[in-house]
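K.L.:
Let me begin by handing over the structure; questions about it come next.
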Amino acid sequence: MSQSDEASLFDDPVFREYVQGSELRCDAVSQYAAKCVDSDGQVLFGEASVGNSAVFTFSYDREKLGFRVFPTSSDAALWVSEEGNQRRCLHDADRTQPAA
C-alpha cells in the first residue's frame with residue numbers, strides 16, 4: 001500500500017473517540033491533513049504526525065491547538081516525566097490560565 005493509499009489518521013477510531021464530544025468534524029485531505037469545522041462553525045486546518053505518539057495540531061489563523069495521543073498510559077507517564085516536557089507542560093498551563 002502506498003502512503004497516498006493509506007487511511008487518514010483523522011479517520012482513525014482513536015482520534016474519533018477523542019473528539020466525539022467536542023463536535024469537531026474533520027474531512028481528511030490526505031493521510032496527515034484534514035479540513036475541520038468546530039461546533040461554532042470555525043474552519044480549522046488539522047495536521048497529524050506520528051512517532052512514539054500521535055500528535056494532532058489544529059490551526060485557527062495564527063492560533064494553534066494540539067493534543068498528543070499515547071499508545072499506553074505508561075508511555076504518557078514516561079513522556080511527562082522527561083524534564084524538557086515538564087517545562088513545556090508548565091509553560092502551556094501558564095498560558096491557559098485566566099488573567100487575575
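Quick note on naming: the chains in the C-alpha cells go A, B, ... in the order shown, residues restart at 1 in each chain, and ligands are numbered from 1 in order of appearance.
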Which polymer residues have any atom within 10 Å of an atom of Asp40 (chain A), counting only C-alpha atoms, with same-chain residues fewer than 2 positions away left out, as number ranges by chain?
P.N.:
A: 23-24, 37-38, 42-43
K.L.:
Among chain A, which ones does DSSP place in strand (DSSP E or B), written as number ranges by chain?
P.N.:
A: 25-30, 33-37, 43-50, 54-60, 63-69
K.L.:
Set the distance at 10 Å and use only C-alpha atoms: which residues neighbour Cys36 (chain A) once local chain neighbours fewer than 6 positions away are removed? I'd like the list as an MDAnalysis selection string.
P.N.:
chainID A and resid 10 24:28 42:46 58:59
K.L.:
Which residues are near Ser53 (chain A)? Cut-off 10 Å, only C-alpha atoms, ignore same chain within fewer than 5 positions. Put them as a list of chain:residue names.
P.N.:
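Skipping anything fewer than 5 positions along the chain leaves A:Arg68, A:Val69, A:Phe70, A:Pro71, A:Thr72, A:Asp75, A:Ala76, A:Trp79.
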K.L.:
Residues as selected, N, CA, C and O atoms, written as a CSV table (one decimal), in the first residue's frame, can you do that?
P.N.:
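As a result, result.csv now contains:
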```csv
chain,number,residue,atom,x,y,z
A,68,ARG,N,-1.8,15.2,22.1
A,68,ARG,CA,-1.0,14.1,21.8
A,68,ARG,C,-1.7,12.8,22.4
A,68,ARG,O,-2.2,12.8,23.5
A,69,VAL,N,-1.7,11.8,21.6
A,69,VAL,CA,-2.3,10.5,21.9
A,69,VAL,C,-1.2,9.5,22.1
A,69,VAL,O,-0.4,9.3,21.1
A,70,PHE,N,-1.1,8.8,23.2
A,70,PHE,CA,-0.1,7.8,23.5
A,70,PHE,C,-0.7,6.4,23.4
A,70,PHE,O,-1.9,6.3,23.8
A,71,PRO,N,0.1,5.5,23.0
A,71,PRO,CA,-0.4,4.1,22.9
A,71,PRO,C,-0.8,3.5,24.3
A,71,PRO,O,-1.8,2.8,24.4
A,72,THR,N,-0.1,3.9,25.4
A,72,THR,CA,-0.5,3.4,26.7
A,72,THR,C,-0.3,4.5,27.7
A,72,THR,O,0.4,5.5,27.5
A,75,ASP,N,3.3,5.0,28.6
A,75,ASP,CA,4.1,5.9,27.6
A,75,ASP,C,3.8,7.3,27.9
A,75,ASP,O,4.7,8.2,27.8
A,76,ALA,N,2.6,7.7,28.2
A,76,ALA,CA,2.3,9.1,28.6
A,76,ALA,C,3.0,9.5,29.8
A,76,ALA,O,3.5,10.6,29.9
A,79,TRP,N,6.6,10.2,29.0
A,79,TRP,CA,6.8,11.5,28.3
A,79,TRP,C,6.7,12.7,29.3
A,79,TRP,O,7.5,13.6,29.2
```
K.L.:
Suppose you want the space between CA of Glu17 (chain A) and CA of Gly84 (chain A); what is it in Å?
P.N.:
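Taking CA of Glu17 (chain A) as the start and CA of Gly84 (chain A) as the end point, the length is 28.5 Å.
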K.L.:
I need the residue nearest Asn52 (chain A) from this list: A:Ser30, A:Leu78, A:Lys64, A:Gly21. Use only C-alpha atoms for the distance.
P.N.:
A:Leu78
K.L.:
Would you compute the distance between CA of Asn85 (chain A) and CA of Arg16 (chain A)? Give it in Å to one decimal.
P.N.:
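Computing it gives 25.6 Å between the two atoms.
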